[in-house]
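J.: Pasting in a structure now, in structure tokens, and then I'll have a few things to ask.
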Amino acid sequence: LIYSGHMEPAEQRTAALADEDVFYLKQGEAALNEALKIVESEDGWKLETAENGDVIYSKVLTGNRKVFRLEAELNASPEELHDILFFRMEEIHEWNPSIKRIKVLKHVGRNAMVTHEVSVEMAGNLIGQRDFLNVRYSSKSESCVYFGGAATRMESLPPQPGFVRAEDGPTCIILQPLQDRPDRSRFIWLLNMDIRGWLPQSLVNKALPQAQVDFTKHLRRRLATQHPENKS
């Protein structure tokens, strides 16, 4: 699970990047590295749920923030998932009903972007709509794909009236090909979110792992439309 730190050489590293772009790029890279440290740390993880081979662990970080690590296998290669979850991010609401919309506000090279996301109400309407302003960052090693993300700021998009702005991060997803089945992936997702607003922590701590279960279920359905021959 060790992150190699290898990045695709790209225009990202050129001096032509504006200061704002460099800020987002460094923030995304730092978020990924920080999230991977949390995922790879050995101590403190407790089993939350295990169902049909999908497992969720939780851990309490300094400051009493509870994070959740989902591990699952998916019927798609890391490259295919990279395309669906990163490059085609604005389409996620079409297959995941918990998201109302995601808009890419800014691309920074090929591997980073700033996105604005609006969720639907969660947990039987107990958790109202949230919006998120995130920097998202993608990196590849020889066989694995990594996504990192964290809440960011943008002067042109302050918190919106009518929404509570939640804060992500640092968070990450790791996609590894299975050794015997490179067309399938091990999917590891660290969910690290401050939902904000006045909510009992017990409710939040139930809603977040449920959101991971639901997302994975919807992603599997999406993959089944591409792989009708194998709906596992």
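Every chain in the structure tokens takes a letter, A first, then B, and so on in the order presented; its residues are numbered from 1, and the ligands are numbered from 1 following the presented order.
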Could the residues of region 17-126 of chain A that have an atom at most 10 Å from region 149-166 of chain A be listed as a Markdown table, each with its closest atom pair and the distance in Å to one decimal, counting only C-alpha atoms and ordered by chain and ascending residue number?
T.:
| residue | atom | partner | partner_atom | distance |
| --- | --- | --- | --- | --- |
| A:Glu20 | CA | A:Met154 | CA | 9.6 |
| A:Phe23 | CA | A:Thr152 | CA | 9.9 |
| A:Tyr24 | CA | A:Thr152 | CA | 8.0 |
| A:Gln27 | CA | A:Ala150 | CA | 7.8 |
| A:Gly28 | CA | A:Gly149 | CA | 5.8 |
| A:Glu29 | CA | A:Gly149 | CA | 8.3 |
| A:Ala30 | CA | A:Gly149 | CA | 8.9 |
| A:Ala31 | CA | A:Gly149 | CA | 5.7 |
| A:Leu32 | CA | A:Gly149 | CA | 6.4 |
| A:Asn33 | CA | A:Gly149 | CA | 9.9 |
| A:Glu34 | CA | A:Gly149 | CA | 9.9 |
| A:Ala35 | CA | A:Gly149 | CA | 8.5 |
| A:Leu105 | CA | A:Leu157 | CA | 9.5 |
| A:Ala112 | CA | A:Gly149 | CA | 9.4 |
| A:Met113 | CA | A:Gly149 | CA | 9.6 |
| A:Val114 | CA | A:Thr152 | CA | 8.0 |
| A:Thr115 | CA | A:Thr152 | CA | 9.3 |
| A:His116 | CA | A:Leu157 | CA | 8.7 |
| A:Glu117 | CA | A:Arg165 | CA | 9.9 |
| A:Val118 | CA | A:Phe163 | CA | 8.7 |
| A:Ser119 | CA | A:Phe163 | CA | 9.7 |
J.: Produce a table with one row for each residue of region 13-126 of chain A that has an atom at most 7 Å from any atom of region 176-192 of chain A, each row naming the nearest atom pair and its distance in Å at one decimal; use only C-alpha atoms; arrange rows by chain and rising residue number; format as a Markdown table.
T.:
| residue | atom | partner | partner_atom | distance |
| --- | --- | --- | --- | --- |
| A:Val39 | CA | A:Leu190 | CA | 6.7 |
| A:Val67 | CA | A:Asn192 | CA | 4.9 |
| A:Phe68 | CA | A:Leu191 | CA | 5.1 |
| A:Arg69 | CA | A:Leu190 | CA | 4.5 |
| A:Leu70 | CA | A:Trp189 | CA | 5.1 |
| A:Glu71 | CA | A:Ile188 | CA | 4.6 |
| A:Ala72 | CA | A:Phe187 | CA | 5.1 |
| A:Glu73 | CA | A:Arg186 | CA | 4.6 |
| A:Leu74 | CA | A:Ser185 | CA | 5.2 |
| A:Asn75 | CA | A:Arg184 | CA | 4.7 |
| A:Ala76 | CA | A:Arg184 | CA | 4.6 |
| A:Ser77 | CA | A:Asp183 | CA | 4.4 |
| A:Pro78 | CA | A:Ser185 | CA | 5.9 |
J.: Print the selection's residues with all heavy atoms to a file, as a compact mmCIF listing (two decimals), in the first residue's frame.
T.:
# COMPACT_ATOMS: atom_id res chain seq x y z
N VAL A 39 -4.32 6.23 5.99
CA VAL A 39 -4.74 4.90 5.53
C VAL A 39 -3.71 3.84 5.92
O VAL A 39 -4.06 2.73 6.34
CB VAL A 39 -4.95 4.91 4.00
CG1 VAL A 39 -5.08 3.48 3.48
CG2 VAL A 39 -6.19 5.71 3.63
N VAL A 67 -12.76 8.96 11.11
CA VAL A 67 -12.62 8.71 9.67
C VAL A 67 -12.96 7.25 9.39
O VAL A 67 -12.93 6.40 10.28
CB VAL A 67 -11.19 9.05 9.17
CG1 VAL A 67 -10.88 10.52 9.39
CG2 VAL A 67 -10.13 8.17 9.83
N PHE A 68 -13.30 6.99 8.13
CA PHE A 68 -13.77 5.65 7.75
C PHE A 68 -13.00 5.17 6.53
O PHE A 68 -12.79 5.92 5.58
CB PHE A 68 -15.27 5.71 7.43
CG PHE A 68 -16.10 6.17 8.60
CD1 PHE A 68 -16.35 7.53 8.79
CD2 PHE A 68 -16.59 5.27 9.52
CE1 PHE A 68 -17.09 7.97 9.87
CE2 PHE A 68 -17.33 5.70 10.61
CZ PHE A 68 -17.58 7.05 10.79
N ARG A 69 -12.57 3.91 6.58
CA ARG A 69 -11.80 3.30 5.48
C ARG A 69 -12.58 2.11 4.93
O ARG A 69 -12.78 1.12 5.61
CB ARG A 69 -10.43 2.84 5.98
CG ARG A 69 -9.51 2.35 4.89
CD ARG A 69 -8.18 1.87 5.46
NE ARG A 69 -8.20 0.47 5.83
CZ ARG A 69 -7.55 -0.04 6.88
NH1 ARG A 69 -6.87 0.73 7.69
NH2 ARG A 69 -7.62 -1.33 7.13
N LEU A 70 -13.02 2.26 3.69
CA LEU A 70 -13.74 1.18 3.02
C LEU A 70 -12.77 0.39 2.16
O LEU A 70 -11.92 0.98 1.48
CB LEU A 70 -14.84 1.76 2.13
CG LEU A 70 -15.50 0.73 1.22
CD1 LEU A 70 -16.92 0.44 1.66
CD2 LEU A 70 -15.53 1.17 -0.23
N GLU A 71 -12.88 -0.93 2.18
CA GLU A 71 -12.09 -1.79 1.30
C GLU A 71 -13.06 -2.71 0.56
O GLU A 71 -13.90 -3.36 1.18
CB GLU A 71 -11.07 -2.61 2.09
CG GLU A 71 -10.07 -1.73 2.82
CD GLU A 71 -8.96 -2.51 3.51
OE1 GLU A 71 -8.90 -3.75 3.32
OE2 GLU A 71 -8.18 -1.89 4.25
N ALA A 72 -12.95 -2.75 -0.76
CA ALA A 72 -13.86 -3.55 -1.58
C ALA A 72 -13.13 -4.00 -2.83
O ALA A 72 -12.04 -3.51 -3.14
CB ALA A 72 -15.09 -2.73 -1.95
N GLU A 73 -13.74 -4.94 -3.55
CA GLU A 73 -13.25 -5.31 -4.88
C GLU A 73 -14.29 -4.90 -5.90
O GLU A 73 -15.49 -5.07 -5.69
CB GLU A 73 -13.01 -6.83 -4.96
CG GLU A 73 -11.75 -7.27 -4.24
CD GLU A 73 -11.45 -8.74 -4.44
OE1 GLU A 73 -12.06 -9.37 -5.34
OE2 GLU A 73 -10.62 -9.28 -3.69
N LEU A 74 -13.80 -4.35 -7.02
CA LEU A 74 -14.70 -3.87 -8.06
C LEU A 74 -14.36 -4.51 -9.39
O LEU A 74 -13.18 -4.79 -9.68
CB LEU A 74 -14.60 -2.34 -8.20
CG LEU A 74 -15.06 -1.52 -6.99
CD1 LEU A 74 -14.76 -0.05 -7.20
CD2 LEU A 74 -16.54 -1.74 -6.70
N ASN A 75 -15.38 -4.71 -10.19
CA ASN A 75 -15.23 -5.36 -11.48
C ASN A 75 -14.84 -4.34 -12.56
O ASN A 75 -15.58 -4.08 -13.50
CB ASN A 75 -16.54 -6.08 -11.85
CG ASN A 75 -16.43 -6.80 -13.19
OD1 ASN A 75 -15.39 -7.34 -13.51
ND2 ASN A 75 -17.50 -6.76 -13.97
N ALA A 76 -13.66 -3.77 -12.40
CA ALA A 76 -13.14 -2.81 -13.38
C ALA A 76 -11.66 -2.62 -13.08
O ALA A 76 -11.23 -2.77 -11.93
CB ALA A 76 -13.87 -1.48 -13.28
N SER A 77 -10.91 -2.28 -14.09
CA SER A 77 -9.48 -2.03 -13.90
C SER A 77 -9.28 -0.66 -13.26
O SER A 77 -10.17 0.21 -13.33
CB SER A 77 -8.76 -2.06 -15.25
OG SER A 77 -9.17 -0.95 -16.04
N PRO A 78 -8.11 -0.41 -12.64
CA PRO A 78 -7.85 0.92 -12.10
C PRO A 78 -7.98 2.02 -13.16
O PRO A 78 -8.50 3.10 -12.87
CB PRO A 78 -6.40 0.81 -11.59
CG PRO A 78 -6.25 -0.63 -11.22
CD PRO A 78 -7.05 -1.38 -12.26
J.: Would you list, as a ChimeraX atom specification, the residues of region 11-174 of chain A that end up in strand (DSSP E or B) under DSSP run on this structure's backbone?
T.: /A:46-51,54-60,66-74,99-108,112-119,122,127,130-140,145-151,164-165,167-168,171-174
J.: What gap, in Å, lies between CA of Ala207 (chain A) and CA of Ile195 (chain A)?
T.: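 So the two atoms, CA of Ala207 (chain A) and CA of Ile195 (chain A), lie 10.1 Å apart.
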J.: From region 73-202 of chain A, collect each residue whose DSSP state is helix (DSSP H, G or I) and return the set as a PyMOL selection string.
T.: chain A and resi 78-87+89-95+201-202
J.: Taking into account only C-alpha atoms, which residue in the set A:Val213, A:Leu219, A:Val145, A:Ile84 is nearest to Gly53 (chain A)?
T.: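 The answer is A:Val213, which sits nearest to Gly53 (chain A).
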